[in-house]
file data_38.txt (compact mmCIF, C-alpha atoms)
# COMPACT_ATOMS: atom_id res chain seq x y z
CA MET I 137 34.65 -44.59 -13.14
CA PRO I 138 30.89 -44.54 -12.50
CA ARG I 139 29.59 -41.80 -10.25
CA THR I 140 28.65 -42.74 -6.71
CA PRO I 141 25.00 -42.29 -5.65
CA GLU I 142 26.17 -39.43 -3.42
CA ALA I 143 27.81 -37.65 -6.37
CA ASN I 144 24.64 -38.11 -8.42
CA GLN I 145 22.60 -36.69 -5.59
CA ARG I 146 24.89 -33.66 -5.37
CA ILE I 147 24.61 -33.07 -9.11
CA ARG I 148 20.82 -33.27 -8.97
CA GLU I 149 20.68 -30.81 -6.11
CA ALA I 150 22.98 -28.39 -7.90
CA GLN I 151 20.86 -28.59 -11.08
CA ARG I 152 17.69 -27.97 -9.14
CA ALA I 153 19.21 -24.97 -7.36
CA ARG I 154 20.44 -23.65 -10.71
CA ILE I 155 16.96 -23.92 -12.23
CA LEU I 156 15.42 -22.09 -9.26
CA GLU I 157 18.02 -19.34 -9.37
CA SER I 158 17.41 -18.91 -13.13
CA ALA I 159 13.66 -18.86 -12.53
CA ARG I 160 14.12 -16.10 -9.98
CA ILE I 161 15.92 -13.98 -12.58
CA VAL I 162 13.45 -14.76 -15.36
CA PHE I 163 10.32 -14.17 -13.25
CA ALA I 164 11.76 -10.87 -12.01
CA ARG I 165 12.35 -9.82 -15.62
CA LYS I 166 9.21 -11.12 -17.31
CA GLY I 167 6.69 -11.61 -14.53
CA MET I 168 4.20 -14.44 -14.97
CA GLU I 169 4.66 -14.28 -18.75
CA ALA I 170 7.88 -16.25 -18.25
CA THR I 171 7.79 -19.81 -19.64
CA ILE I 172 9.65 -22.90 -18.53
CA ALA I 173 11.58 -22.62 -21.82
CA ASP I 174 12.80 -19.13 -20.78
CA ILE I 175 13.95 -20.60 -17.50
CA ALA I 176 15.77 -23.50 -19.20
CA THR I 177 17.51 -21.02 -21.53
CA GLU I 178 18.60 -18.87 -18.60
CA ALA I 179 19.90 -21.97 -16.79
CA GLN I 180 21.65 -23.10 -20.01
CA ILE I 181 20.03 -26.51 -19.89
CA SER I 182 17.65 -28.29 -22.26
CA LEU I 183 13.90 -27.96 -21.84
CA GLY I 184 13.75 -31.75 -21.37
CA LEU I 185 16.16 -31.59 -18.47
CA ALA I 186 14.17 -28.78 -16.83
CA TYR I 187 11.05 -30.99 -17.02
CA ARG I 188 12.91 -33.79 -15.22
CA TYR I 189 13.09 -31.53 -12.18
CA PHE I 190 9.76 -29.72 -12.28
CA ALA I 191 6.39 -30.73 -13.73
CA ASP I 192 5.58 -27.23 -14.95
CA LYS I 193 6.23 -23.53 -14.50
CA GLU I 194 3.77 -23.36 -11.61
CA ALA I 195 5.76 -25.97 -9.68
CA ILE I 196 8.93 -23.91 -10.12
CA PHE I 197 7.09 -20.78 -9.07
CA ALA I 198 5.61 -22.44 -5.99
CA GLU I 199 9.00 -23.78 -4.88
CA LEU I 200 10.60 -20.38 -5.44
CA ILE I 201 8.02 -18.57 -3.33
CA LYS I 202 8.38 -21.20 -0.62
CA GLN I 203 12.13 -20.54 -0.52
CA MET I 204 11.79 -16.77 -0.67
CA VAL I 205 9.06 -16.06 1.85
CA PRO I 206 10.08 -17.98 4.96
CA GLU I 207 11.77 -15.14 6.84
CA ALA I 208 8.54 -13.43 7.91
CA SER I 209 7.12 -16.44 9.69
CA GLU I 210 10.20 -18.43 10.64
CA GLY I 211 11.02 -18.32 14.28
CA LEU I 212 7.58 -17.03 15.28
CA GLN I 213 7.34 -19.67 17.97
CA SER I 214 10.83 -18.93 19.28
CA LEU I 215 9.91 -15.23 19.28
CA LEU I 216 7.01 -15.92 21.60
CA GLU I 217 9.36 -17.78 23.91
CA MET I 218 12.15 -15.21 23.74
CA PRO I 219 13.26 -13.47 26.94
CA GLY I 220 12.23 -9.83 27.38
CA THR I 221 8.92 -8.04 27.74
CA PRO I 222 6.04 -8.54 25.29
CA GLY I 223 6.75 -5.01 23.98
CA GLU I 224 10.35 -5.91 23.27
CA ARG I 225 9.36 -9.10 21.50
CA LEU I 226 6.79 -7.20 19.46
CA TYR I 227 9.52 -4.75 18.53
CA GLU I 228 11.66 -7.70 17.37
CA LEU I 229 8.81 -8.98 15.22
CA ILE I 230 7.99 -5.66 13.53
CA SER I 231 11.65 -4.83 13.24
CA GLY I 232 12.29 -8.13 11.45
CA ILE I 233 9.52 -7.40 8.95
CA VAL I 234 10.64 -3.82 8.32
CA GLY I 235 14.28 -4.91 8.08
CA ALA I 236 13.41 -7.54 5.46
CA ARG I 237 11.85 -4.79 3.32
CA GLY I 238 15.29 -3.26 3.02
CA LYS I 239 16.75 -6.47 1.58
CA ARG I 240 16.94 -7.12 -2.13
CA GLN I 241 15.94 -10.77 -1.98
CA ALA I 242 12.86 -10.18 0.16
CA LEU I 243 11.81 -7.31 -2.10
CA GLU I 244 12.16 -9.52 -5.17
CA ALA I 245 9.94 -12.08 -3.48
CA HIS I 246 7.31 -9.40 -2.94
CA GLN I 247 7.57 -8.18 -6.50
CA LEU I 248 7.09 -11.75 -7.64
CA LEU I 249 4.05 -12.18 -5.42
CA ASN I 250 2.56 -8.95 -6.74
CA HIS I 251 3.12 -10.08 -10.33
CA ALA I 252 1.39 -13.36 -9.58
CA LEU I 253 -1.52 -11.68 -7.79
CA ASP I 254 -1.97 -9.05 -10.51
CA ALA I 255 -1.90 -11.70 -13.20
CA ASP I 256 -4.32 -13.80 -11.13
CA ALA I 257 -1.73 -16.54 -11.67
CA MET I 258 -0.99 -17.62 -8.14
CA PRO I 259 -1.00 -21.43 -7.90
CA GLU I 260 -3.62 -22.52 -5.37
CA LYS I 261 -1.14 -24.39 -3.15
CA THR I 262 1.14 -21.37 -2.96
CA ARG I 263 -1.77 -19.12 -2.15
CA GLU I 264 -2.69 -21.41 0.73
CA LEU I 265 0.88 -21.58 1.98
CA LEU I 266 1.20 -17.80 1.96
CA SER I 267 -2.15 -17.31 3.57
CA ARG I 268 -1.22 -19.73 6.39
CA ARG I 269 2.11 -17.99 6.95
CA TYR I 270 0.51 -14.56 6.94
CA GLN I 271 -2.17 -15.68 9.36
CA SER I 272 0.34 -17.07 11.83
CA LEU I 273 2.27 -13.81 11.61
CA LEU I 274 -0.85 -11.82 12.45
CA GLU I 275 -1.76 -14.20 15.25
CA THR I 276 1.70 -13.84 16.78
CA MET I 277 1.40 -10.06 16.55
CA ARG I 278 -2.00 -10.17 18.18
CA GLN I 279 -0.80 -12.36 21.03
CA LEU I 280 2.13 -10.03 21.77
CA ILE I 281 -0.19 -7.01 21.67
CA VAL I 282 -2.53 -8.59 24.21
CA GLU I 283 0.42 -9.48 26.46
CA GLY I 284 1.87 -5.98 26.04
CA GLN I 285 -1.45 -4.39 26.93
CA ALA I 286 -1.39 -6.37 30.16
CA THR I 287 2.07 -5.02 31.02
CA GLY I 288 1.04 -1.48 29.98
CA GLU I 289 3.66 -1.30 27.23
CA ILE I 290 1.10 -1.35 24.45
CA VAL I 291 -1.73 1.13 24.06
CA ARG I 292 -5.16 -0.06 25.13
CA GLY I 293 -7.82 -0.84 22.56
CA ASP I 294 -9.12 -3.61 20.32
CA PRO I 295 -6.08 -5.79 19.46
CA ASP I 296 -7.62 -6.79 16.12
CA GLN I 297 -7.84 -3.12 15.21
CA LEU I 298 -4.18 -2.60 16.13
CA VAL I 299 -3.15 -5.64 14.09
CA ALA I 300 -5.19 -4.49 11.09
CA ILE I 301 -3.81 -0.96 11.14
CA MET I 302 -0.24 -2.17 11.61
CA SER I 303 -0.55 -4.56 8.66
CA ALA I 304 -1.99 -1.82 6.46
CA CYS I 305 0.98 0.38 7.36
CA LEU I 306 3.45 -2.45 6.73
CA ASP I 307 1.78 -2.97 3.36
CA GLY I 308 2.27 0.71 2.56
CA LEU I 309 5.92 0.49 3.61
CA THR I 310 6.41 -2.55 1.38
CA ARG I 311 5.03 -0.70 -1.62
CA TRP I 312 7.32 2.19 -0.86
CA ALA I 313 10.32 -0.14 -0.60
CA LEU I 314 9.42 -1.64 -3.98
CA ARG I 315 8.98 1.77 -5.60
CA ASP I 316 12.11 3.37 -4.20
CA PRO I 317 14.38 0.94 -2.29
CA GLU I 318 17.12 3.54 -1.85
CA GLN I 319 14.86 6.15 -0.23
CA PHE I 320 13.17 3.49 1.86
CA ARG I 321 16.49 2.33 3.33
CA THR I 322 17.44 5.95 4.08
CA TYR I 323 14.19 6.85 5.83
CA VAL I 324 13.31 3.58 7.52
CA PRO I 325 16.52 2.37 9.14
CA ASP I 326 14.52 0.59 11.83
CA ALA I 327 11.02 0.00 13.14
CA ARG I 328 10.95 2.62 15.87
CA ILE I 329 8.61 5.08 14.16
CA ILE I 330 6.19 2.35 13.16
CA MET I 331 6.19 0.94 16.67
CA ARG I 332 4.75 4.23 17.85
CA LEU I 333 1.41 3.00 16.51
CA PHE I 334 1.36 0.77 19.60
CA GLN I 335 2.66 3.36 22.04
CA PRO I 336 0.46 4.29 24.99
CA SER I 337 -0.61 7.94 24.93
CA ARG I 338 0.97 10.62 27.03
CA THR I 339 -1.59 12.72 28.83
CA GLU I 340 -0.08 15.74 27.08
CA MET I 341 -1.26 14.22 23.81
CA SER I 342 -4.86 14.00 24.95
CA ASN I 343 -5.84 16.62 22.41
CA PHE I 344 -5.22 13.96 19.73
CA GLU I 345 -7.16 11.38 21.67
CA ALA I 346 -10.41 13.31 22.08
CA PRO I 347 -13.21 13.23 21.34
CA MET E 85 -40.83 30.15 -27.83
CA PRO E 86 -37.06 30.19 -28.35
CA ARG E 87 -34.94 29.30 -25.37
CA THR E 88 -33.17 32.09 -23.55
CA PRO E 89 -29.32 32.03 -23.45
CA GLU E 90 -29.62 31.26 -19.72
CA ALA E 91 -31.81 28.24 -20.42
CA ASN E 92 -29.36 27.03 -23.08
CA GLN E 93 -26.50 27.43 -20.64
CA ARG E 94 -28.35 25.41 -18.03
CA ILE E 95 -29.03 22.65 -20.54
CA ARG E 96 -25.35 22.55 -21.56
CA GLU E 97 -24.24 22.30 -17.95
CA ALA E 98 -26.71 19.54 -17.22
CA GLN E 99 -25.55 17.57 -20.29
CA ARG E 100 -21.94 17.95 -19.28
CA ALA E 101 -22.65 16.80 -15.73
CA ARG E 102 -24.60 13.84 -17.10
CA ILE E 103 -21.68 12.80 -19.33
CA LEU E 104 -19.27 13.03 -16.39
CA GLU E 105 -21.55 11.01 -14.12
CA SER E 106 -21.92 8.35 -16.82
CA ALA E 107 -18.14 8.34 -17.33
CA ARG E 108 -17.66 7.73 -13.61
CA ILE E 109 -19.89 4.67 -13.80
CA VAL E 110 -18.33 3.35 -17.00
CA PHE E 111 -14.71 3.86 -15.89
CA ALA E 112 -15.48 2.17 -12.57
CA ARG E 113 -16.90 -0.81 -14.48
CA LYS E 114 -14.45 -1.11 -17.38
CA GLY E 115 -11.33 0.74 -16.25
CA MET E 116 -9.32 2.46 -18.97
CA GLU E 117 -10.76 0.07 -21.56
CA ALA E 118 -13.89 2.25 -21.55
CA THR E 119 -14.49 4.19 -24.77
CA ILE E 120 -16.25 7.49 -25.34
CA ALA E 121 -18.95 5.45 -27.12
CA ASP E 122 -19.53 3.45 -23.92
CA ILE E 123 -19.90 6.71 -22.04
CA ALA E 124 -22.37 8.14 -24.58
CA THR E 125 -24.42 4.93 -24.37
CA GLU E 126 -24.52 5.11 -20.58
CA ALA E 127 -25.55 8.78 -20.78
CA GLN E 128 -28.20 7.87 -23.39
CA ILE E 129 -26.91 10.50 -25.81
CA SER E 130 -25.41 10.23 -29.30
CA LEU E 131 -21.67 9.88 -29.79
CA GLY E 132 -21.72 13.14 -31.78
CA LEU E 133 -23.26 15.00 -28.87
CA ALA E 134 -20.65 13.61 -26.47
CA TYR E 135 -17.91 14.92 -28.78
CA ARG E 136 -19.46 18.40 -28.64
CA TYR E 137 -18.64 18.48 -24.94
CA PHE E 138 -15.32 16.66 -24.80
CA ALA E 139 -12.55 16.28 -27.39
CA ASP E 140 -11.79 12.70 -26.39
CA LYS E 141 -11.97 10.12 -23.63
CA GLU E 142 -8.82 11.51 -22.03
CA ALA E 143 -10.47 14.92 -21.63
CA ILE E 144 -13.43 13.34 -19.86
CA PHE E 145 -11.12 11.33 -17.67
CA ALA E 146 -9.03 14.39 -16.78
CA GLU E 147 -12.11 16.42 -15.85
CA LEU E 148 -13.50 13.58 -13.79
CA ILE E 149 -10.29 13.20 -11.80
CA LYS E 150 -10.16 16.95 -11.26
CA GLN E 151 -13.66 16.85 -9.81
CA MET E 152 -13.05 13.78 -7.71
CA VAL E 153 -9.69 14.51 -6.12
CA PRO E 154 -10.04 18.01 -4.70
CA GLU E 155 -10.87 17.08 -1.13
CA ALA E 156 -7.32 16.14 -0.13
CA SER E 157 -5.82 19.48 -1.04
CA GLU E 158 -8.70 21.92 -0.77
CA GLY E 159 -8.53 24.11 2.25
CA LEU E 160 -4.84 23.43 2.86
CA GLN E 161 -4.17 27.12 3.19
CA SER E 162 -7.10 27.67 5.53
CA LEU E 163 -5.89 24.68 7.55
CA LEU E 164 -2.54 26.40 8.10
CA GLU E 165 -4.37 29.50 9.31
CA MET E 166 -6.86 27.62 11.48
CA PRO E 167 -6.92 28.34 15.22
CA GLY E 168 -5.49 25.69 17.51
CA THR E 169 -2.05 24.19 18.01
CA PRO E 170 0.02 22.79 15.13
CA GLY E 171 -0.65 19.30 16.50
CA GLU E 172 -4.39 19.88 16.38
CA ARG E 173 -4.19 21.20 12.84
CA LEU E 174 -2.09 18.22 11.80
CA TYR E 175 -4.73 15.97 13.35
CA GLU E 176 -7.36 17.79 11.25
CA LEU E 177 -5.30 17.19 8.11
CA ILE E 178 -4.66 13.47 8.68
CA SER E 179 -8.18 12.99 9.92
CA GLY E 180 -9.55 14.54 6.71
CA ILE E 181 -7.48 12.16 4.59
CA VAL E 182 -8.40 9.09 6.62
CA GLY E 183 -12.05 10.14 6.72
CA ALA E 184 -12.15 10.50 2.94
CA ARG E 185 -10.97 6.87 2.63
CA GLY E 186 -14.20 5.81 4.25
CA LYS E 187 -16.29 7.58 1.59
CA ARG E 188 -17.49 5.83 -1.53
CA GLN E 189 -16.83 8.68 -3.94
CA ALA E 190 -13.25 9.23 -2.78
CA LEU E 191 -12.57 5.50 -2.97
CA GLU E 192 -13.92 5.37 -6.51
CA ALA E 193 -11.57 8.20 -7.42
CA HIS E 194 -8.67 6.19 -6.06
CA GLN E 195 -9.75 3.08 -7.88
CA LEU E 196 -9.91 5.12 -11.07
CA LEU E 197 -6.44 6.54 -10.46
CA ASN E 198 -5.08 3.05 -9.85
CA HIS E 199 -6.65 1.79 -13.06
CA ALA E 200 -5.08 4.65 -14.99
CA LEU E 201 -1.67 4.15 -13.39
CA ASP E 202 -1.73 0.38 -13.92
CA ALA E 203 -2.73 0.80 -17.55
CA ASP E 204 -0.06 3.48 -17.93
CA ALA E 205 -2.92 5.55 -19.32
CA MET E 206 -2.81 8.65 -17.17
CA PRO E 207 -3.10 11.79 -19.33
CA GLU E 208 -0.02 13.96 -18.80
CA LYS E 209 -1.98 17.01 -17.64
CA THR E 210 -3.85 14.98 -15.06
CA ARG E 211 -0.61 13.44 -13.86
CA GLU E 212 0.81 16.93 -13.34
CA LEU E 213 -2.32 18.16 -11.57
CA LEU E 214 -2.28 15.21 -9.19
CA SER E 215 1.41 15.53 -8.57
CA ARG E 216 1.04 19.24 -7.71
CA ARG E 217 -1.86 18.53 -5.35
CA TYR E 218 -0.03 15.68 -3.67
CA GLN E 219 3.10 17.81 -3.27
CA SER E 220 1.21 20.66 -1.62
CA LEU E 221 -0.41 18.15 0.72
CA LEU E 222 2.99 16.81 1.75
CA GLU E 223 4.39 20.32 2.15
CA THR E 224 1.49 21.30 4.40
CA MET E 225 2.05 18.18 6.46
CA ARG E 226 5.76 18.92 6.72
CA GLN E 227 5.14 22.52 7.82
CA LEU E 228 2.74 21.43 10.56
CA ILE E 229 5.21 18.78 11.74
CA VAL E 230 7.98 21.37 12.03
CA GLU E 231 5.67 23.73 13.94
CA GLY E 232 4.48 20.88 16.15
CA GLN E 233 8.05 19.86 16.91
CA ALA E 234 8.66 23.42 18.12
CA THR E 235 5.70 23.21 20.51
CA GLY E 236 6.74 19.71 21.64
CA GLU E 237 3.50 18.12 20.40
CA ILE E 238 5.23 16.19 17.64
CA VAL E 239 8.06 13.73 18.12
CA ARG E 240 11.54 15.01 17.28
CA GLY E 241 13.35 13.77 14.18
CA ASP E 242 13.74 14.46 10.48
CA PRO E 243 10.40 15.93 9.30
CA ASP E 244 10.91 14.50 5.81
CA GLN E 245 11.23 11.06 7.32
CA LEU E 246 8.01 11.54 9.29
CA VAL E 247 6.20 12.77 6.18
CA ALA E 248 7.48 9.84 4.13
CA ILE E 249 6.49 7.22 6.69
CA MET E 250 3.07 8.80 7.24
CA SER E 251 2.37 8.84 3.49
CA ALA E 252 3.44 5.20 3.17
CA CYS E 253 1.02 4.30 5.96
CA LEU E 254 -1.78 6.36 4.41
CA ASP E 255 -1.11 4.54 1.14
CA GLY E 256 -1.45 1.21 2.94
CA LEU E 257 -4.69 2.37 4.55
CA THR E 258 -6.04 3.42 1.14
CA ARG E 259 -5.33 -0.01 -0.31
CA TRP E 260 -7.07 -1.58 2.65
CA ALA E 261 -10.09 0.69 2.20
CA LEU E 262 -10.24 -0.30 -1.48
CA ARG E 263 -9.94 -4.00 -0.70
CA ASP E 264 -12.42 -4.11 2.15
CA PRO E 265 -14.33 -0.81 2.66
CA GLU E 266 -16.59 -2.34 5.31
CA GLN E 267 -13.76 -3.60 7.51
CA PHE E 268 -11.84 -0.37 6.98
CA ARG E 269 -14.73 1.74 8.25
CA THR E 270 -15.14 -0.54 11.27
CA TYR E 271 -11.48 -0.47 12.27
CA VAL E 272 -10.50 3.05 11.30
CA PRO E 273 -13.27 5.28 12.62
CA ASP E 274 -10.81 8.16 12.95
CA ALA E 275 -7.16 9.08 12.66
CA ARG E 276 -6.14 8.72 16.29
CA ILE E 277 -4.10 5.54 15.93
CA ILE E 278 -2.30 6.83 12.85
CA MET E 279 -1.49 10.10 14.60
CA ARG E 280 0.51 8.11 17.13
CA LEU E 281 3.24 7.95 14.50
CA PHE E 282 3.90 11.59 15.39
CA GLN E 283 3.51 11.19 19.13
CA PRO E 284 6.50 12.05 21.32
CA SER E 285 7.84 9.07 23.23
CA ARG E 286 7.12 8.43 26.86
CA THR E 287 10.25 7.66 28.81
CA GLU E 288 8.62 4.36 29.81
CA MET E 289 8.74 3.41 26.13
CA SER E 290 12.48 3.90 25.91
CA ASN E 291 12.95 0.18 25.41
CA PHE E 292 11.43 0.64 21.95
CA GLU E 293 13.62 3.66 21.26
CA ALA E 294 16.97 2.02 21.94
CA PRO E 295 19.49 1.32 20.70
call {"tool": "encode", "arguments": {"input": "data_38.txt", "output": "structure tokens"}}
result
Amino acid sequence: MPRTPEANQRIREAQRARILESARIVFARKGMEATIADIATEAQISLGLAYRYFADKEAIFAELIKQMVPEASEGLQSLLEMPGTPGERLYELISGIVGARGKRQALEAHQLLNHALDADAMPEKTRELLSRRYQSLLETMRQLIVEGQATGEIVRGDPDQLVAIMSACLDGLTRWALRDPEQFRTYVPDARIIMRLFQPSRTEMSNFEAP
Amino acid sequence: MPRTPEANQRIREAQRARILESARIVFARKGMEATIADIATEAQISLGLAYRYFADKEAIFAELIKQMVPEASEGLQSLLEMPGTPGERLYELISGIVGARGKRQALEAHQLLNHALDADAMPEKTRELLSRRYQSLLETMRQLIVEGQATGEIVRGDPDQLVAIMSACLDGLTRWALRDPEQFRTYVPDARIIMRLFQPSRTEMSNFEAP
């Protein structure tokens, strides 16, 4: 009995998913040295079959990153429209980022990105995609800071400076999570400490604020 | 007229300083690929003369790091004995670290350390020296946090957690300073924003503290 078009479609989708999952494992193990042949071997398919799904290793890599990195930017619009104060929504945003650092899959994505950046092997399209996603994340953060400054929840000051310092700290936290995921999960259960960067000063703390 | 022993000593010290300065330039340019021959060329001396001062490239590297990295740990003891509240002394400590990130020489030292770590080419003795200095920095920070928690200047909570999160953030700031020194100096004129990580909460901010 010949396969229906639907069954063929299902098989193709399963193959594609299998190739991507194998690529994830192989890239994590070998970094950008990995070849499409390594990926085919891991997926237990022929090299020819792998090429029927992806033009080259870069195409697999790009698709993989696209799948792995959405969580940081997804729902940014809905976050802006969420009920609650700007400070609460900002907490949700930062909390989501910090929480993702505790998850294996998100960490693997970061490791993969670092490999690609170190090897100067980031496909141009992927670089653009990531840069767009990162920019919209920063813009969302900036908007919530400005709104939170208006309500008095967020410390006064240049919002660009606050965004820049927060992203540097998040970058440091990411490196920590990559270096020692266990310790990171123990010490950073949530985003409360990091959110203090945005906390208005108490007058008692004025000694830290001067001169 | 033969040279006096004092004159000879001065000449030796000047040669040694010249080799180290040339090594700094060469390592910054070539990373750990640099050879002792490159360094001799930069110093405009013969290879044989360079070897009279240093046994090998690693010895030059180790001495260079030793010279370049003192500022973070020097004066830690005097900091603990400084007048002022624990919070003020902690501000001095963090401020010194952040301030150093704005300075060219300290940034070069970090770049050099990164090169060595990436190339897995850190001499064992230098690794130990750095690790000891970093540990005493963290211990000083921890002690001041504990004292500041007693005076109410520093937020309550596990001091190890506060130390760990602060060092992750400082690491992120360092990477930022390396990537874009100009922007870093514009946005991080001092340590006030970073010190907020240690700031006790205002009750008005309790929405960030729950649940």
call {"tool": "interface_residues", "arguments": {"input": "data_38.txt", "of": "chain E", "to": "chain I", "cutoff": "8 Å", "atoms": "all atoms listed in the file", "output": "PyMOL selection string"}}
result
chain E and resi 171-172+175+237+245+248-249+252-257+259-260+271-272+276-283+285-286+288-289+291-293
call {"tool": "atom_distance", "arguments": {"input": "data_38.txt", "atom1": "CA of Ala91 (chain E)", "atom2": "CA of Ser106 (chain E)"}}
result
22.5 Å
call {"tool": "atom_distance", "arguments": {"input": "data_38.txt", "atom1": "CA of Asp316 (chain I)", "atom2": "CA of Arg237 (chain I)"}}
result
11.1 Å
call {"tool": "residues_near_point", "arguments": {"input": "data_38.txt", "point": "(-24.6, 4.0, -21.3)", "cutoff": "10 Å", "atoms": "only C-alpha atoms", "output": "list in words"}}
result
Ile103, Ser106, Ala107, Ile109, Val110, Ile120, Ala121, Asp122, Ile123, Ala124, Thr125, Glu126, Ala127, Gln128 and Ile129 of chain E
call {"tool": "atom_distance", "arguments": {"input": "data_38.txt", "atom1": "CA of Ala118 (chain E)", "atom2": "CA of Arg100 (chain E)"}}
result
17.8 Å
call {"tool": "axis_aligned_box", "arguments": {"input": "data_38.txt", "around": "region 286-303 of chain I", "padding_each_side": "3 Å", "output": "lines of an AutoDock Vina configuration file"}}
result
center_x = -2.7
center_y = -2.8
center_z = 19.8
size_x = 18.8
size_y = 13.9
size_z = 28.4
call {"tool": "residues_around", "arguments": {"input": "data_38.txt", "residues": "Gln219 (chain E)", "least_positions_apart": "4", "cutoff": "12 Å", "atoms": "only C-alpha atoms", "output": "PyMOL selection string"}}
result
chain E and resi 156-157+160+212-215+223-226+247-248+251
call {"tool": "closest_residue", "arguments": {"input": "data_38.txt", "among": "I:Lys193, I:Arg321, I:Arg146, I:Arg269", "to": "Gly211 (chain I)", "atoms": "all atoms listed in the file"}}
result
I:Arg269
